[in-house]
Every structure is written in structure tokens, then in C-alpha cells.
$ cat run17.txt   # compact mmCIF, C-alpha atoms
# COMPACT_ATOMS: atom_id res chain seq x y z
CA MET A 3 0.00 0.00 0.00
CA ALA A 4 2.92 2.36 0.49
CA ARG A 5 3.09 4.98 -2.21
CA ALA A 6 6.21 6.66 -3.43
CA ALA A 7 6.45 10.29 -2.35
CA THR A 8 6.47 11.35 -5.96
CA THR A 9 3.71 12.26 -8.32
CA ALA A 10 3.74 8.76 -9.74
CA ASP A 11 0.01 8.14 -9.66
CA ALA A 12 -3.35 9.84 -9.69
CA PHE A 13 -3.59 9.78 -5.88
CA ASN A 14 -0.50 11.89 -5.45
CA ALA A 15 -1.28 14.08 -8.41
CA VAL A 16 -4.59 15.19 -6.90
CA ALA A 17 -3.04 15.68 -3.46
CA GLU A 18 -1.97 19.19 -4.49
CA ARG A 19 -4.57 21.95 -4.21
CA ARG A 20 -3.58 23.80 -7.37
CA ARG A 21 -3.71 20.64 -9.42
CA ARG A 22 -7.21 19.93 -8.15
CA GLN A 23 -8.18 23.46 -9.19
CA ILE A 24 -6.85 22.77 -12.66
CA LEU A 25 -8.83 19.53 -12.84
CA ASP A 26 -11.95 21.38 -11.69
CA LEU A 27 -11.48 23.95 -14.43
CA LEU A 28 -10.90 21.26 -17.02
CA ALA A 29 -13.99 19.37 -15.86
CA ASP A 30 -15.95 22.16 -17.53
CA GLY A 31 -14.21 21.60 -20.84
CA GLU A 32 -10.99 21.91 -22.78
CA ARG A 33 -8.80 24.92 -22.03
CA GLY A 34 -5.56 26.41 -23.21
CA VAL A 35 -2.62 27.22 -20.94
CA ASN A 36 -3.15 30.98 -21.18
CA ASP A 37 -6.75 30.53 -20.17
CA LEU A 38 -5.69 28.50 -17.12
CA VAL A 39 -2.99 30.99 -16.19
CA ALA A 40 -5.57 33.79 -16.20
CA LEU A 41 -8.17 31.82 -14.24
CA LEU A 42 -5.72 30.59 -11.61
CA GLY A 43 -3.78 33.84 -11.29
CA LEU A 44 -0.52 31.89 -11.26
CA ALA A 45 2.70 32.29 -13.21
CA GLN A 46 2.71 30.42 -16.48
CA PRO A 47 5.75 28.21 -15.66
CA LEU A 48 4.02 27.03 -12.48
CA VAL A 49 0.83 26.18 -14.33
CA SER A 50 2.85 24.33 -16.95
CA LYS A 51 4.62 22.38 -14.21
CA HIS A 52 1.32 21.26 -12.69
CA LEU A 53 -0.01 20.36 -16.12
CA ARG A 54 3.07 18.25 -16.77
CA VAL A 55 2.48 16.31 -13.53
CA LEU A 56 -1.17 15.79 -14.42
CA ARG A 57 -0.19 14.64 -17.91
CA GLU A 58 2.37 12.18 -16.57
CA VAL A 59 -0.28 10.33 -14.58
CA GLY A 60 -2.77 10.53 -17.43
CA LEU A 61 -5.24 12.85 -15.69
CA VAL A 62 -5.07 15.38 -18.50
CA GLU A 63 -4.47 15.04 -22.21
CA VAL A 64 -3.09 17.66 -24.52
CA ARG A 65 -3.52 18.45 -28.20
CA GLU A 66 -2.07 21.08 -30.47
CA HIS A 67 -4.57 23.54 -31.84
CA GLY A 68 -2.95 26.07 -34.10
CA ARG A 69 -0.32 27.77 -31.94
CA GLU A 70 -1.94 26.78 -28.68
CA ARG A 71 -1.85 23.60 -26.64
CA LEU A 72 -5.26 22.64 -25.35
CA TYR A 73 -5.68 20.53 -22.22
CA ARG A 74 -8.62 18.36 -21.29
CA LEU A 75 -9.52 16.11 -18.39
CA ASN A 76 -9.20 12.37 -18.78
CA ALA A 77 -11.77 11.23 -16.22
CA ASP A 78 -10.85 7.55 -16.62
CA ALA A 79 -7.60 8.24 -14.79
CA LEU A 80 -9.64 9.21 -11.72
CA LYS A 81 -11.11 5.74 -11.58
CA PRO A 82 -8.63 4.40 -8.99
CA ILE A 83 -9.69 7.23 -6.67
CA SER A 84 -13.34 6.70 -7.43
CA ASP A 85 -12.90 2.99 -6.70
CA TRP A 86 -11.27 3.81 -3.39
CA VAL A 87 -14.14 6.07 -2.37
CA ARG A 88 -16.72 3.48 -3.36
CA SER A 89 -14.88 0.78 -1.50
CA TYR A 90 -14.85 3.06 1.56
CA GLU A 91 -18.62 3.52 1.32
CA ARG A 92 -19.12 -0.20 0.81
CA LEU A 93 -16.93 -1.01 3.79
CA TRP A 94 -18.91 1.26 6.11
CA THR A 95 -22.25 0.04 4.83
CA GLN A 96 -21.25 -3.59 5.35
CA ARG A 97 -19.61 -2.83 8.67
CA LEU A 98 -22.62 -1.01 10.09
CA ASP A 99 -25.01 -3.65 8.71
CA ARG A 100 -23.05 -6.17 10.73
CA LEU A 101 -23.01 -3.89 13.75
CA ASP A 102 -26.78 -3.63 13.38
CA ALA A 103 -27.06 -7.43 13.45
CA VAL A 104 -25.00 -7.53 16.66
CA VAL A 105 -27.12 -4.76 18.20
CA GLN A 106 -30.35 -6.60 17.32
CA ASP A 107 -28.97 -9.75 18.96
CA LEU A 108 -28.23 -7.70 22.08
CA ARG A 109 -31.75 -6.32 22.01
CA VAL A 110 -33.28 -9.80 21.88
CA GLN A 111 -30.96 -10.90 24.67
CA GLU A 112 -31.89 -7.90 26.81
CA LEU A 113 -35.61 -8.46 26.25
CA LYS A 114 -35.24 -12.10 27.33
CA GLU A 115 -33.34 -11.09 30.43
CA LYS A 116 -35.99 -8.54 31.33
CA GLU A 117 -38.75 -11.12 30.88
CA GLN A 118 -36.89 -13.60 33.05
CA GLY A 119 -36.29 -10.97 35.69
CA HIS A 120 -39.98 -10.07 35.59
CA ASP A 121 -41.02 -13.73 35.86
CA SER A 122 -38.76 -14.44 38.83
CA ARG A 123 -40.04 -11.36 40.65
CA ASN A 124 -43.61 -12.60 40.18
CA GLU A 125 -42.84 -16.00 41.60
CA MET B 25 -31.02 -14.74 14.97
CA THR B 26 -31.66 -11.06 14.52
CA ALA B 27 -34.87 -9.28 15.37
CA GLY B 28 -36.27 -6.05 14.07
CA THR B 29 -35.57 -4.48 10.75
CA SER B 30 -32.35 -3.23 9.36
CA SER B 31 -32.40 0.55 9.65
CA GLY B 32 -30.95 1.54 6.32
CA ALA B 33 -27.60 2.03 4.70
CA ALA B 34 -24.80 4.15 5.98
CA VAL B 35 -24.79 7.64 4.51
CA VAL B 36 -21.39 9.10 3.74
CA THR B 37 -21.04 12.87 3.36
CA LEU B 38 -18.11 15.29 3.25
CA PRO B 39 -18.74 18.33 5.47
CA THR B 40 -15.35 19.91 4.73
CA ASP B 41 -12.26 19.07 2.72
CA THR B 42 -10.72 17.22 5.63
CA GLN B 43 -13.74 15.46 7.10
CA ILE B 44 -15.84 12.43 6.33
CA LEU B 45 -19.18 12.01 8.07
CA ILE B 46 -20.94 8.67 8.23
CA THR B 47 -24.51 8.49 9.50
CA ARG B 48 -26.59 5.44 10.21
CA GLU B 49 -29.77 4.74 12.16
CA PHE B 50 -30.35 1.73 14.36
CA ASP B 51 -33.63 0.33 15.59
CA ALA B 52 -32.34 -0.09 19.13
CA PRO B 53 -31.55 1.98 22.20
CA LYS B 54 -28.18 3.70 22.27
CA HIS B 55 -26.67 1.74 25.15
CA LEU B 56 -26.82 -1.42 23.02
CA VAL B 57 -25.15 0.28 20.05
CA TYR B 58 -22.46 1.57 22.41
CA ARG B 59 -21.97 -1.90 23.87
CA ALA B 60 -21.55 -3.44 20.40
CA TRP B 61 -19.10 -0.67 19.51
CA THR B 62 -16.91 -1.01 22.60
CA THR B 63 -16.90 -4.72 23.52
CA PRO B 64 -13.98 -6.66 21.97
CA GLU B 65 -15.88 -9.94 21.38
CA LEU B 66 -18.66 -8.01 19.67
CA VAL B 67 -16.29 -5.82 17.64
CA LYS B 68 -14.84 -9.02 16.19
CA ARG B 69 -18.24 -9.76 14.68
CA TRP B 70 -18.62 -6.54 12.71
CA TRP B 71 -15.46 -4.45 12.34
CA TYR B 72 -14.06 -5.94 9.18
CA ALA B 73 -17.40 -6.44 7.48
CA GLU B 74 -17.20 -9.18 4.83
CA ARG B 75 -13.57 -8.59 4.07
CA GLY B 76 -11.76 -10.91 6.36
CA GLU B 77 -11.47 -12.08 9.91
CA VAL B 78 -10.80 -9.90 12.93
CA THR B 79 -7.99 -11.67 14.73
CA ALA B 80 -7.51 -9.16 17.54
CA ALA B 81 -9.64 -6.47 19.12
CA GLU B 82 -8.05 -4.76 22.11
CA ILE B 83 -9.96 -2.00 23.84
CA ASP B 84 -8.67 -0.14 26.88
CA LEU B 85 -11.71 2.04 27.34
CA ARG B 86 -10.44 5.01 29.31
CA VAL B 87 -9.14 8.42 28.33
CA GLY B 88 -5.55 7.88 27.19
CA GLY B 89 -6.19 4.15 26.82
CA SER B 90 -5.39 2.54 23.52
CA TRP B 91 -7.25 0.36 21.06
CA ARG B 92 -5.98 -1.92 18.32
CA PHE B 93 -7.88 -4.00 15.80
CA VAL B 94 -6.17 -6.51 13.52
CA MET B 95 -7.74 -8.17 10.52
CA VAL B 96 -6.55 -10.82 8.11
CA THR B 97 -7.86 -10.65 4.58
CA PRO B 98 -8.83 -13.83 2.68
CA ASP B 99 -5.49 -13.71 0.83
CA GLY B 100 -3.59 -13.63 4.11
CA LEU B 101 -2.75 -9.94 4.32
CA GLU B 102 -2.73 -8.62 7.88
CA VAL B 103 -3.96 -5.07 8.39
CA ALA B 104 -3.96 -3.27 11.71
CA PHE B 105 -5.61 -0.08 12.92
CA SER B 106 -4.91 1.47 16.28
CA GLY B 107 -5.30 4.63 18.28
CA GLU B 108 -5.97 6.22 21.62
CA TYR B 109 -9.18 7.28 23.35
CA ARG B 110 -9.48 11.01 23.88
CA GLU B 111 -12.95 11.51 25.26
CA ILE B 112 -15.49 9.05 26.63
CA VAL B 113 -19.13 9.72 27.44
CA PRO B 114 -20.67 6.27 27.94
CA ASP B 115 -23.56 5.51 25.58
CA GLU B 116 -23.21 8.91 23.89
CA ARG B 117 -19.84 9.93 22.61
CA LEU B 118 -16.46 8.39 21.94
CA VAL B 119 -13.52 10.33 20.54
CA CYS B 120 -10.35 8.54 19.53
CA THR B 121 -7.39 8.80 17.22
CA GLU B 122 -6.97 6.28 14.44
CA ILE B 123 -3.89 5.20 12.56
CA TYR B 124 -3.69 2.72 9.74
CA GLU B 125 -0.44 1.09 10.80
CA THR B 126 0.76 0.58 7.24
CA MET B 127 0.75 4.37 6.86
CA PRO B 128 1.59 5.62 10.35
CA GLY B 129 2.01 9.21 9.19
CA VAL B 130 -1.69 9.66 8.51
CA GLN B 131 -3.67 10.03 11.71
CA THR B 132 -7.35 10.79 11.82
CA LEU B 133 -9.49 11.86 14.74
CA GLN B 134 -12.71 9.94 14.95
CA THR B 135 -15.76 11.15 16.85
CA MET B 136 -18.62 8.69 17.24
CA THR B 137 -21.87 10.00 18.68
CA LEU B 138 -25.14 8.29 19.54
CA ALA B 139 -28.49 10.08 19.85
CA GLU B 140 -31.58 8.16 20.88
CA ARG B 141 -35.14 9.10 20.07
CA ASP B 142 -38.21 6.92 20.58
CA GLY B 143 -36.03 3.87 21.05
CA ARG B 144 -34.12 4.45 17.82
CA THR B 145 -30.51 5.56 17.70
CA THR B 146 -28.76 7.75 15.18
CA MET B 147 -25.05 7.14 14.97
CA THR B 148 -22.65 9.64 13.45
CA ILE B 149 -19.00 8.98 12.83
CA LEU B 150 -16.95 12.03 11.99
CA ALA B 151 -13.45 11.31 10.75
CA GLU B 152 -11.19 14.31 10.54
CA HIS B 153 -7.52 14.83 10.00
CA ALA B 154 -5.56 15.85 13.03
CA THR B 155 -4.32 19.42 12.76
CA GLN B 156 -0.81 18.07 12.85
CA ALA B 157 -1.45 16.06 9.71
CA ASP B 158 -2.94 19.13 8.07
CA ARG B 159 0.15 21.10 8.85
CA ASP B 160 2.43 18.45 7.37
CA GLY B 161 3.47 18.59 3.79
CA VAL B 162 0.67 18.00 1.34
CA LEU B 163 2.30 14.95 -0.15
CA ALA B 164 3.26 13.44 3.19
CA SER B 165 -0.29 13.42 4.50
CA GLY B 166 -2.03 14.36 1.32
CA MET B 167 -3.07 11.05 -0.06
CA GLU B 168 -6.27 10.97 1.91
CA ASP B 169 -6.77 14.74 1.80
CA GLY B 170 -6.49 14.56 -1.92
CA MET B 171 -8.98 11.81 -2.13
CA GLN B 172 -11.51 13.64 0.00
CA ASP B 173 -11.17 16.73 -2.11
CA ALA B 174 -11.28 14.69 -5.27
CA LEU B 175 -14.80 13.67 -4.37
CA SER B 176 -16.36 16.97 -5.31
CA LEU B 177 -14.57 16.74 -8.62
CA LEU B 178 -15.67 13.15 -8.99
CA GLU B 179 -19.27 14.09 -8.45
CA ARG B 180 -18.98 16.41 -11.40
CA VAL B 181 -17.33 13.93 -13.72
CA ALA B 182 -19.10 10.81 -12.47
CA VAL B 183 -21.10 10.52 -15.66
CA SER B 184 -18.04 10.02 -17.78
CA LEU B 185 -16.76 7.31 -15.43
CA ARG B 186 -19.82 5.15 -15.88

$ encode --input "run17.txt" --output "C-alpha cells"
Amino acid sequence: MARAATTADAFNAVAERRRRQILDLLADGERGVNDLVALLGLAQPLVSKHLRVLREVGLVEVREHGRERLYRLNADALKPISDWVRSYERLWTQRLDRLDAVVQDLRVQELKEKEQGHDSRNE
Amino acid sequence: MTAGTSSGAAVVTLPTDTQILITREFDAPKHLVYRAWTTPELVKRWWYAERGEVTAAEIDLRVGGSWRFVMVTPDGLEVAFSGEYREIVPDERLVCTEIYETMPGVQTLQTMTLAERDGRTTMTILAEHATQADRDGVLASGMEDGMQDALSLLERVAVSLR
């Protein structure tokens, strides 16, 4: 489970706030670097650096359009994260279903004990 | 074996970027939910859901006391979670730290509350990153942070994933 402290996969790539902002912006559609620079209010080299990281893990794809490079989100690359979240939800649903079963057993047990206590007091 | 009806699925929400909130209702009084949550033999029956066997459940239920749960997955992988109790209000509130021992750098603070009404109990589990973890470098503690934050993005792009 240990992950390298590099930007080697989607998990690490989205661990940086600016990169998540870029992904959010690209979720609305394809954008050029200049567009992103203006929207983020960051220096162009910094934006390019984040885009390179996102490209390396496959979260964004790039294409040449005239003199501009256009970036778009590749949502499939988010699937490992999506799977993790779903597995987390599944785990807690299963876990609390089982807890519920234990609690219902305790309830039955407690009711029986109360009845027995009641009976013995009446004797 | 069980009586009553199941009270519905767990609801997972994300109140802030660093928190996860799980809510679930139980058709039982809160002291029974608390007992199932804090008794080692009972924890062994539910903690790891369908994913494996709980081989150890140690609970030292006092402030500053520690807990440790160990599970073995069907393919033999041992996973351990542990932490320390911070606040204990019997039948109502239990605050503890939690560490996944494979990634000891990421500590969460877990607050479990129970509220009873007409014999039914609403449980909430709030998992939040310790401020220390928040202060640490984004990459050091960021894996989970990133995943929490990624959820809002995921909600927006979910259609294209399916």
C-alpha cells in the first residue's frame, strides 16, 4: 500500500490543491494554458509544471490547436480514486449492517433477560 | 437470529475538505449500540465487514487508553488499525485517534456519537484529520486529503466514469 512520495500516480497528483483546481477547471471543458494561467492567477511556468504532472499520470491530455496547446480532463484516470471512495462507502455500509445485526442480537438478549427478571419477581 | 428491521444504509457525506461524516440509524436503544461498539468480542463480529477475519480487538476504554484492531484478509494480508481514546461519554460519545499502521504518518481523529429518540438511535462517525497532519506537507499526508477533495470533482465527472 505504500506509495512513493512522488507524483507517480493519480492519488499523489490530486493531493496538491492547485492541481485539483486545474482539474476542476478542465472538468468544464478543454482549455488552453493561457486561459488556465488567467483563471488561476498563477505564473505560467508554475501552471505548466502542474499540467506536466497531471499529464504524466494521465489525468489530462493535450492536443495542439494552431499555436496553442489545449488541455482536457481524462476522467478515466480518476477511476482508482473513485474505486477507493466506493470501496470506503461499501466497507462502512457492510460494517454497520453487521453492527446492526449484533445490536439486534443484544436487544433480543436484553428483552429475554428482562422477561426472566420479571417472571422471577412474580414468583 | 436477529430481530427487528435493518435501519438503512450508511450515509457518507463530506462536510469539509478534511472530514468524512458517516450516518446510520439503528432500531435499538443507544446503550446497546455503544456496547456493540466497545466490547472486543462483539467488535470481532462486525469491524471488518465481509472482508476478512478480525484476529484481535483490544480495547482499553479510558481516556488515554489505547485500542488496536487486527484483521486478516482472505489472501492472508494482515492489516492493523490502532489509536488512543481522547474523550469518553458512555452511551453517547467516543472520541479517539486512528492510525492505519501501514501508513503511520496519517492520523485521523474519529468522533462517534449516539443520539436516541423513541427507542431508535442515530449514529454519526466524523473522521477528521488531526491538525498536525494538516500542517504536514501535502504529499506526506495528502493522499487521503487529496482523495476527499477529489470527491467533489468526482461528483462532477461521475457521468463520464460510468

$ atom_distance --input "run17.txt" --atom1 "atom CA of Thr121 of chain B" --atom2 "atom CA of Tyr109 of chain B"
6.6 Å

$ interface_residues --input "run17.txt" --of "chain A" --to "chain B" --cutoff "10 Å" --atoms "all atoms listed in the file" --output "number ranges by chain"
A: 3-9, 12-19, 22-23, 25-27, 29-30, 75-81, 83-84, 86-87, 90-110, 112

$ atom_distance --input "run17.txt" --atom1 "atom CA of His153 of chain B" --atom2 "atom CA of Tyr124 of chain B"
12.7 Å

$ closest_residue --input "run17.txt" --among "A:Gly119, A:Gly34, A:Leu28, A:Lys114" --to "His67 of chain A" --atoms "all atoms listed in the file"
A:Gly34

$ atom_distance --input "run17.txt" --atom1 "atom CA of Gln111 of chain A" --atom2 "atom CA of Gly143 of chain B"
16.0 Å

$ closest_residue --input "run17.txt" --among "B:Arg144, B:Val78, B:Glu152, B:Gly88" --to "Phe105 of chain B" --atoms "only C-alpha atoms"
B:Val78

$ closest_residue --input "run17.txt" --among "B:Glu140, B:Asp115, B:Glu125, B:Glu65" --to "Ala80 of chain B" --atoms "all atoms listed in the file"
B:Glu65

$ residues_near_point --input "run17.txt" --point "(-16.3, 8.9, 18.5)" --cutoff "7 Å" --atoms "only C-alpha atoms" --output "list in words"
Arg117, Leu118, Val119, Cys120, Gln134, Thr135, Met136, Thr137 and Ile149 of chain B

$ axis_aligned_box --input "run17.txt" --around "segment 105-115 of chain A" --padding-each-side "5 Å" --output "AutoDock Vina command-line options"
--center_x -31.4 --center_y -8.4 --center_z 23.9 --size_x 18.5 --size_y 17.3 --size_z 23.1

$ closest_residue --input "run17.txt" --among "A:Arg69, A:Asp11, A:Leu53, A:Lys116" --to "Val39 of chain A" --atoms "only C-alpha atoms"
A:Leu53
